[in-house]
Amino acid sequence: MNQATISSRLSDGLRQQFYSRPTVVEETCQGPGDDCWWDSECCPGSLCNWFHCQQV
């Protein structure tokens, strides 16, 4: 039985993707007074209060 690693069976493009490090996607945050649904949408130091970001 012939044993081969997974990476040896992948094409070059897939092998590069397999070994590449994950990238960080930076999202823009909502500033004070901007519309929001969740606290996580507001910039650090702000909370979503009545659908608008407000500084704490």
# chains A, B, ... in the order shown; residues from 1 in each chain; ligands from 1
call {"tool": "residues_around", "arguments": {"residues": "region 41-50 of chain A", "least_positions_apart": "3", "cutoff": "8 Å", "atoms": "only C-alpha atoms", "output": "ChimeraX atom specification"}}
result
/A:29-32,36-38,53-56
